[in-house]
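J.: Structure: target-v7.cif, mmCIF, C-alpha atoms and all ligand atoms.
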data_coords
loop_
_atom_site.label_atom_id
_atom_site.label_comp_id
_atom_site.auth_asym_id
_atom_site.auth_seq_id
_atom_site.Cartn_x
_atom_site.Cartn_y
_atom_site.Cartn_z
CA MET A 1 0.00 0.00 0.00
CA ALA A 2 1.26 3.48 -0.89
CA ASP A 3 2.89 5.50 1.88
CA LEU A 4 0.81 8.65 2.37
CA THR A 5 2.80 10.16 5.23
CA VAL A 6 4.10 13.70 4.89
CA LYS A 7 6.93 15.10 7.01
CA LEU A 8 7.39 18.84 7.21
CA GLY A 9 10.24 19.56 9.58
CA LYS A 10 9.22 18.07 12.94
CA LEU A 11 5.61 17.72 11.87
CA LYS A 12 4.27 14.40 10.69
CA PHE A 13 0.94 13.95 8.88
CA ILE A 14 -0.47 10.43 8.41
CA ASN A 15 -1.86 11.55 5.07
CA PRO A 16 -1.89 14.82 3.09
CA VAL A 17 -5.63 15.60 3.35
CA LEU A 18 -6.75 18.42 5.65
CA PRO A 19 -9.88 20.48 6.04
CA ALA A 20 -9.49 24.05 4.74
CA ALA A 21 -10.71 26.84 7.05
CA GLY A 22 -14.48 27.23 6.81
CA PRO A 23 -17.82 26.24 8.33
CA ASN A 24 -16.77 22.58 8.03
CA VAL A 25 -14.40 23.12 11.00
CA MET A 26 -16.36 25.59 13.08
CA ARG A 27 -17.50 23.18 15.81
CA LEU A 28 -15.62 20.70 18.00
CA GLU A 29 -17.81 17.75 16.88
CA GLN A 30 -16.91 18.43 13.23
CA MET A 31 -13.19 18.57 14.00
CA LEU A 32 -13.21 15.39 16.11
CA GLU A 33 -15.29 13.55 13.53
CA ALA A 34 -12.89 14.65 10.79
CA VAL A 35 -10.01 13.14 12.80
CA GLU A 36 -11.95 9.95 13.49
CA ARG A 37 -12.80 9.60 9.81
CA GLY A 38 -9.24 9.96 8.57
CA ALA A 39 -8.21 13.61 8.13
CA GLY A 40 -4.41 13.97 8.14
CA GLY A 41 -4.59 17.08 10.36
CA ILE A 42 -7.04 19.79 11.39
CA VAL A 43 -7.16 23.37 10.14
CA THR A 44 -9.63 25.48 12.12
CA LYS A 45 -12.13 28.17 11.08
CA THR A 46 -10.42 31.59 11.08
CA VAL A 47 -10.88 33.59 14.27
CA SER A 48 -9.99 37.20 14.95
CA ARG A 49 -9.95 39.42 18.03
CA GLU A 50 -13.51 40.56 17.27
CA PRO A 51 -16.15 38.02 16.23
CA ALA A 52 -17.37 38.51 12.66
CA VAL A 53 -20.79 39.89 11.82
CA TYR A 54 -21.84 38.71 8.38
CA PRO A 55 -25.11 38.81 6.44
CA LYS A 56 -27.24 35.67 6.14
CA PRO A 57 -27.69 33.58 4.10
CA CYS A 58 -23.91 33.37 3.87
CA ILE A 59 -23.52 30.29 1.63
CA SER A 60 -25.32 29.54 -1.64
CA LYS A 61 -24.74 27.54 -4.77
CA GLY A 62 -22.61 29.32 -7.35
CA PRO A 63 -21.66 28.94 -11.02
CA CYS A 64 -19.96 25.81 -12.44
CA ASP A 65 -20.71 23.61 -9.42
CA GLY A 66 -19.05 26.14 -7.15
CA LEU A 67 -20.29 27.80 -3.96
CA LEU A 68 -20.64 31.50 -3.19
CA ASN A 69 -20.06 32.67 0.37
CA CYS A 70 -19.88 35.84 2.43
CA GLU A 71 -18.96 34.13 5.69
CA THR A 72 -15.76 36.12 6.42
CA TRP A 73 -14.32 34.76 9.72
CA SER A 74 -15.90 33.10 12.78
CA ASP A 75 -18.81 34.79 14.50
CA ARG A 76 -17.82 33.03 17.74
CA PRO A 77 -15.51 34.86 20.16
CA TRP A 78 -12.01 33.39 19.79
CA ARG A 79 -11.80 32.55 23.51
CA SER A 80 -14.68 30.10 23.11
CA TYR A 81 -12.47 28.00 20.80
CA ILE A 82 -9.59 27.44 23.21
CA ASP A 83 -11.03 24.32 24.89
CA ASP A 84 -11.97 22.92 21.46
CA TYR A 85 -8.43 23.39 20.19
CA VAL A 86 -7.02 21.66 23.28
CA LYS A 87 -9.32 18.67 22.69
CA VAL A 88 -8.31 18.44 19.03
CA LYS A 89 -4.66 18.68 20.02
CA GLU A 90 -5.18 15.75 22.41
CA THR A 91 -6.09 13.50 19.45
CA GLY A 92 -2.46 13.74 18.33
CA VAL A 93 -3.08 14.92 14.75
CA PRO A 94 -1.35 18.18 13.75
CA LEU A 95 -3.46 21.20 14.72
CA ILE A 96 -3.29 24.23 12.45
CA CYS A 97 -5.07 27.24 13.94
CA SER A 98 -6.26 29.86 11.45
CA ILE A 99 -6.26 33.48 12.60
CA GLY A 100 -6.47 37.01 11.15
CA TYR A 101 -6.01 39.86 10.34
CA SER A 102 -4.03 42.92 11.52
CA PRO A 103 -0.54 42.75 13.08
CA GLU A 104 -2.16 43.58 16.46
CA ASP A 105 -4.79 40.83 16.01
CA VAL A 106 -2.31 38.11 15.13
CA ALA A 107 0.19 39.13 17.82
CA GLU A 108 -2.44 38.90 20.57
CA LEU A 109 -4.04 35.71 19.26
CA GLY A 110 -0.70 34.06 18.54
CA LYS A 111 0.53 34.71 22.08
CA ALA A 112 -2.66 33.32 23.64
CA LEU A 113 -2.65 30.22 21.42
CA GLU A 114 0.97 29.53 22.19
CA ALA A 115 0.37 29.82 25.95
CA GLU A 116 -2.95 27.98 26.16
CA VAL A 117 -2.98 25.46 23.29
CA GLY A 118 0.41 24.96 21.67
CA PRO A 119 -0.77 24.59 18.04
CA ASP A 120 1.50 22.78 15.59
CA VAL A 121 1.12 25.58 13.04
CA VAL A 122 -0.57 28.97 13.01
CA GLU A 123 -2.00 29.98 9.63
CA PHE A 124 -2.85 33.63 8.97
CA SER A 125 -5.47 34.66 6.45
CA THR A 126 -4.55 37.53 4.14
CA HIS A 127 -8.08 37.98 2.80
CA TYR A 128 -8.50 41.44 4.34
CA VAL A 129 -4.84 42.44 4.61
CA GLY A 130 -4.31 44.10 1.23
CA LYS A 131 -2.56 43.14 -1.96
CA THR A 132 0.85 44.78 -1.51
CA LEU A 133 3.80 43.12 0.18
CA ASP A 134 4.39 45.54 3.08
CA PRO A 135 1.17 44.81 5.01
CA LEU A 136 1.72 41.07 4.47
CA LYS A 137 5.25 41.33 5.86
CA ARG A 138 4.02 43.28 8.90
CA VAL A 139 1.39 40.65 9.75
CA ALA A 140 3.86 37.80 9.26
CA GLU A 141 6.47 39.52 11.43
CA ALA A 142 3.95 40.22 14.19
CA LEU A 143 2.86 36.57 14.21
CA ARG A 144 6.41 35.22 14.02
CA GLY A 145 7.27 37.34 17.05
CA SER A 146 4.44 35.85 19.10
CA VAL A 147 4.69 32.09 18.42
CA SER A 148 7.46 29.52 18.29
CA CYS A 149 5.63 27.10 15.95
CA PRO A 150 5.71 27.34 12.13
CA VAL A 151 3.67 30.10 10.50
CA TRP A 152 1.74 29.53 7.27
CA MET A 153 0.27 32.21 5.04
CA LYS A 154 -3.10 31.71 3.33
CA VAL A 155 -2.79 33.25 -0.11
CA SER A 156 -5.48 35.35 -1.71
CA PRO A 157 -5.92 34.43 -5.39
CA SER A 158 -6.15 38.12 -6.28
CA THR A 159 -2.49 38.65 -5.29
CA PRO A 160 -1.13 40.57 -8.31
CA ASN A 161 2.23 38.83 -8.79
CA ILE A 162 2.11 35.43 -7.07
CA PRO A 163 5.69 34.28 -7.86
CA GLU A 164 7.17 37.56 -6.59
CA MET A 165 4.99 37.49 -3.46
CA ALA A 166 5.99 33.89 -2.74
CA LYS A 167 9.68 34.61 -3.18
CA VAL A 168 9.61 37.62 -0.86
CA MET A 169 7.27 36.11 1.75
CA SER A 170 9.22 32.86 1.97
CA ASP A 171 11.67 34.78 4.19
CA TYR A 172 8.81 35.55 6.59
CA VAL A 173 6.74 32.34 6.69
CA ASP A 174 7.26 28.57 6.88
CA GLY A 175 4.61 27.57 4.36
CA PHE A 176 1.86 28.75 2.02
CA VAL A 177 -1.79 27.73 1.71
CA ALA A 178 -3.14 28.47 -1.75
CA VAL A 179 -5.79 29.63 -2.40
CA ASN A 180 -8.62 31.37 -0.60
CA SER A 181 -11.97 31.84 -2.36
CA VAL A 182 -12.04 33.92 -5.55
CA GLY A 183 -13.89 37.15 -6.14
CA PRO A 184 -15.91 39.10 -5.53
CA ALA A 185 -18.29 37.06 -7.69
CA LEU A 186 -21.99 36.82 -8.50
CA ASP A 187 -24.52 34.20 -9.51
CA PHE A 188 -28.30 34.17 -9.62
CA ASP A 189 -31.24 32.28 -11.02
CA ILE A 190 -32.78 33.67 -14.24
CA ASP A 191 -36.25 32.53 -13.10
CA LYS A 192 -35.81 34.62 -9.94
CA PRO A 193 -33.19 37.26 -10.63
CA LYS A 194 -32.58 38.19 -6.97
CA PRO A 195 -29.52 37.85 -4.69
CA ARG A 196 -28.96 34.39 -3.19
CA LEU A 197 -26.66 35.70 -0.47
CA GLY A 198 -27.45 38.20 2.25
CA THR A 199 -25.08 40.87 0.88
CA GLU A 200 -26.93 43.89 -0.50
CA ASP A 201 -26.18 43.13 -4.16
CA GLY A 202 -25.74 39.36 -3.73
CA HIS A 203 -21.98 39.28 -4.29
CA GLY A 204 -19.84 36.72 -2.52
CA TRP A 205 -16.66 34.68 -2.89
CA LEU A 206 -16.40 31.73 -5.20
CA SER A 207 -15.07 28.28 -4.23
CA GLY A 208 -15.34 24.65 -5.33
CA PRO A 209 -14.61 23.18 -8.78
CA ALA A 210 -15.21 26.57 -10.43
CA ILE A 211 -11.82 27.75 -9.07
CA THR A 212 -9.67 24.63 -9.44
CA GLY A 213 -7.65 25.96 -12.39
CA VAL A 214 -6.85 29.22 -10.59
CA ALA A 215 -5.76 27.35 -7.45
CA LEU A 216 -3.71 24.81 -9.35
CA TYR A 217 -1.71 27.48 -11.15
CA ALA A 218 -1.13 29.41 -7.92
CA VAL A 219 0.23 26.21 -6.30
CA TYR A 220 2.47 25.57 -9.29
CA GLN A 221 3.80 29.16 -9.25
CA ILE A 222 4.40 29.26 -5.48
CA SER A 223 6.13 25.90 -5.33
CA HIS A 224 8.36 26.81 -8.26
CA SER A 225 9.43 30.22 -6.92
CA GLN A 226 10.61 29.24 -3.43
CA ASP A 227 11.31 26.18 -1.25
CA LYS A 228 8.72 26.32 1.55
CA PRO A 229 5.87 23.77 1.48
CA VAL A 230 2.53 24.57 -0.12
CA VAL A 231 -0.94 23.36 0.87
CA GLY A 232 -3.09 23.18 -2.27
CA VAL A 233 -6.70 24.30 -1.81
CA GLY A 234 -9.43 24.97 -4.37
CA GLY A 235 -12.12 22.73 -5.77
CA ILE A 236 -10.70 19.38 -4.67
CA ARG A 237 -13.42 16.70 -4.73
CA THR A 238 -11.57 13.44 -5.35
CA GLY A 239 -8.29 11.67 -4.81
CA GLU A 240 -7.33 12.34 -8.41
CA ASP A 241 -7.93 16.10 -7.92
CA ALA A 242 -5.61 15.90 -4.89
CA VAL A 243 -2.96 14.04 -6.91
CA LYS A 244 -3.07 16.84 -9.49
CA PHE A 245 -2.30 19.46 -6.80
CA ILE A 246 0.56 17.31 -5.47
CA MET A 247 1.94 16.94 -9.00
CA ALA A 248 1.77 20.75 -9.30
CA GLY A 249 3.97 20.96 -6.20
CA ALA A 250 1.70 20.77 -3.13
CA SER A 251 2.85 18.86 -0.03
CA LEU A 252 -0.63 18.76 1.50
CA VAL A 253 -4.15 19.53 0.26
CA GLY A 254 -7.12 21.26 1.88
CA ILE A 255 -10.84 20.81 1.28
CA CYS A 256 -13.68 23.13 2.19
CA SER A 257 -16.58 23.24 -0.31
CA GLU A 258 -16.72 19.48 -0.84
CA ALA A 259 -16.78 18.98 2.94
CA ILE A 260 -19.67 21.46 3.20
CA ARG A 261 -21.51 19.41 0.58
CA ARG A 262 -20.61 15.89 1.66
CA GLY A 263 -19.63 16.08 5.32
CA THR A 264 -16.56 15.30 7.37
CA GLY A 265 -15.99 11.80 5.96
CA ILE A 266 -14.63 13.39 2.78
CA TYR A 267 -11.05 13.90 4.04
CA GLY A 268 -10.45 10.21 4.82
CA LYS A 269 -12.26 9.19 1.63
CA ILE A 270 -10.00 11.38 -0.52
CA ALA A 271 -6.93 10.04 1.32
CA SER A 272 -7.91 6.47 0.48
CA GLU A 273 -8.63 7.45 -3.14
CA ILE A 274 -5.11 8.90 -3.39
CA SER A 275 -3.72 5.65 -2.00
CA ASP A 276 -5.78 3.51 -4.43
CA TRP A 277 -4.67 5.64 -7.38
CA MET A 278 -1.01 5.40 -6.37
CA ASP A 279 -1.29 1.62 -5.94
CA ARG A 280 -2.89 1.28 -9.38
CA LYS A 281 -0.15 3.39 -10.97
CA GLY A 282 2.71 1.82 -9.02
CA TYR A 283 3.80 4.87 -6.99
CA GLY A 284 5.17 4.02 -3.53
CA SER A 285 5.19 7.40 -1.79
CA LEU A 286 4.02 10.97 -2.25
CA ASP A 287 7.62 12.02 -2.92
CA ASP A 288 7.32 10.03 -6.16
CA ILE A 289 4.53 12.25 -7.50
CA ARG A 290 5.19 15.64 -5.88
CA GLY A 291 6.15 18.19 -8.53
CA LEU A 292 5.86 15.70 -11.42
CA TYR A 293 4.02 18.27 -13.55
CA ALA A 294 6.59 20.08 -15.65
CA PRO A 295 6.45 22.55 -18.52
CA VAL A 296 7.50 21.43 -21.98
CA GLU A 297 11.24 21.77 -22.50
CA ALA A 298 13.03 22.41 -25.77
CA GLY A 299 13.42 19.08 -27.54
CA ASP A 300 10.35 17.51 -25.87
CA SER A 301 8.33 15.58 -28.41
CA ARG A 302 4.91 16.44 -26.83
C1 LIG B 1 -18.37 29.13 3.48
C2 LIG B 1 -16.90 29.34 3.41
C3 LIG B 1 -16.23 29.92 4.50
C4 LIG B 1 -14.84 30.10 4.46
N1 LIG B 1 -14.21 30.62 5.54
C5 LIG B 1 -12.86 30.78 5.52
C6 LIG B 1 -12.16 31.24 6.66
O1 LIG B 1 -12.73 31.48 7.72
N2 LIG B 1 -10.82 31.40 6.55
C7 LIG B 1 -10.12 31.11 5.41
O2 LIG B 1 -8.90 31.27 5.37
N3 LIG B 1 -10.76 30.62 4.32
C8 LIG B 1 -12.10 30.45 4.35
N4 LIG B 1 -12.74 29.92 3.26
C9 LIG B 1 -11.95 29.56 2.07
C10 LIG B 1 -11.61 28.07 2.06
O3 LIG B 1 -10.79 27.73 3.14
C11 LIG B 1 -10.90 27.68 0.75
O4 LIG B 1 -9.68 28.38 0.67
C12 LIG B 1 -11.70 27.98 -0.50
O5 LIG B 1 -13.07 27.77 -0.28
C13 LIG B 1 -11.26 27.10 -1.68
O6 LIG B 1 -11.33 25.73 -1.34
P1 LIG B 1 -12.59 24.80 -1.74
O7 LIG B 1 -12.81 24.98 -3.19
O8 LIG B 1 -12.19 23.42 -1.32
O9 LIG B 1 -13.76 25.31 -0.94
C14 LIG B 1 -14.12 29.72 3.30
C15 LIG B 1 -14.79 29.13 2.22
C16 LIG B 1 -16.16 28.93 2.26
C17 LIG B 1 -16.84 28.28 1.10
#
Now, as a test, write the supplied structure out as structure tokens.
Ligand SMILES: Cc1cc2nc3c(=O)[nH]c(=O)nc-3n(C[C@H](O)[C@H](O)[C@H](O)COP(=O)(O)O)c2cc1C
T.:
Amino acid sequence: MADLTVKLGKLKFINPVLPAAGPNVMRLEQMLEAVERGAGGIVTKTVSREPAVYPKPCISKGPCDGLLNCETWSDRPWRSYIDDYVKVKETGVPLICSIGYSPEDVAELGKALEAEVGPDVVEFSTHYVGKTLDPLKRVAEALRGSVSCPVWMKVSPSTPNIPEMAKVMSDYVDGFVAVNSVGPALDFDIDKPKPRLGTEDGHGWLSGPAITGVALYAVYQISHSQDKPVVGVGGIRTGEDAVKFIMAGASLVGICSEAIRRGTGIYGKIASEISDWMDRKGYGSLDDIRGLYAPVEAGDSR
């Protein structure tokens, strides 16, 4: 049977399939069930110093089998998550806590998490941080100064120059998670041309299979412009989708929309699909397929 373990420094994942931050990891029961049903680690819903207030409905169907959402970050106070994180940590799988957004937010949250939980990784969301490098550096520096564990950066797909960003930010972070949802975006029903989401004009952020190509290219660009590991996220529904992200350079993969649709069993299911595919194709370990996708070189007969 194929070896699905992934080692990143001192961290060991039994398989490369994680939840991505979202409503699928908002409650303790969801996180524990994800572990029980085979997730390789747990990424939590993003929290910030102030709970989010977002319009409802905050999730609807979107174009091309995608979802639209306006859920921003957690509407629960971050303190209410501490006991949940501790219980997830006790299961022994790597715990990746997602936080945001300003340097002050991440410094305070990072310090508290370090003291009260001891996460394996802290991931910061850049969704509301801005597109230029300076604010990203300031957030990363503030977080780095407040935790001793690795720091991952969740990449916004609207980042103007992804290879340049990755190269510069690789001095500030220990890994990248690519990508967040895409947008702003709109969809509606022509029989009832009204907003599906609670935002005033119905706009939201697109995820699911509709964004796979965008995510895949971001993963390829990030993993080819620097050496830190990349978690591939965007539209993954099957083991073969996950293999594609790993071939583009990802070390791990994250799943949100498909978990919203099909529940917490999806992580373990995708892990076993990866294993089956590797067995069928004769690959022994993930190292054998990581980064296999390569551009055409001069002299190639393709
Ligand atoms: C309803 C919803 C809520 C989300 N909330 C967060 C969040 O709190 N923090 C974050 O970094 N990403 C959030 N995301 C983005 C996902 O983690 C993921 O990056 C994106 O949806 C693409 O992956 P997918 O196609 O598997 O859903 C959210 C996505 C959805 C659909």
J.: Compute the set of protein, DNA and RNA residues whose minimum atom distance to ligand LIG 1 (chain B) is at most 6 Å, using only C-alpha atoms and all ligand atoms, and state it as a ChimeraX atom specification.
T.: /A:20-23,45-46,59,69,71-73,125,179-181,207-208,233-236,255-257
J.: Quick one: of A:Thr126, A:Asn161, A:Thr91, A:Asn15, who's nearest to Ser272 in chain A, counting only C-alpha atoms?
T.: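 Residue with the minimum atom-to-atom distance to Ser272 in chain A: A:Asn15.
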J.: Enter the distance from CA of Asp287 in chain A to CA of Asp174 in chain A, in Å, rounded to one decimal.
T.: 19.2 Å
J.: Taking all atoms listed in the file into account, which of A:Lys167, A:Arg262, A:Lys61, A:Lys192 comes nearest Trp205 in chain A?
T.: A:Lys61
J.: Fewer than 5 positions away in the same chain doesn't count, so skip those; otherwise give me all residues within 8 Å of Val253 in chain A, counting all atoms listed in the file, as JSON, numbers by chain.
T.: {"A": [16, 17, 18, 231, 232, 233, 242, 245, 246]}
J.: Using all atoms listed in the file, can you tell me which of A:Cys149, A:Leu68, A:Val53, A:Ala250 comes closest to Lys111 in chain A?
T.: A:Cys149
J.: Do a neighbour search on Val88 in chain A at 9 Å with only C-alpha atoms, toss out local chain neighbours closer than 6 positions, and write the hits as a list of chain:residue names.
T.: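 Near Val88 in chain A, the qualifying residues are A:Leu28, A:Met31, A:Leu32, A:Val35, A:Ile42, A:Pro94, A:Leu95.
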J.: Please identify all polymer residues within 9 Å of Ala210 in chain A, counting only C-alpha atoms, omitting same-chain residues fewer than 6 positions from it, and present them as a list in words.
T.: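 After dropping sequence-adjacent residues, the list is Gly62, Pro63, Cys64, Asp65, Gly66, Leu67, Gly234 and Gly235 of chain A.
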J.: Point out the residue among A:Thr264, A:Ile270, A:Val219, A:Gly254 with the least atom-to-atom distance to Glu240 in chain A, counting all atoms listed in the file.
T.: A:Ile270
J.: Starting from 6 Å padding per side, set up an axis-aligned box that covers all listed atoms of range 23-33 of chain A and hand over centre and edge lengths in Å, one decimal, as AutoDock Vina command-line options.
T.:
--center_x -15.5 --center_y 19.9 --center_z 13.0 --size_x 16.6 --size_y 24.7 --size_z 22.0
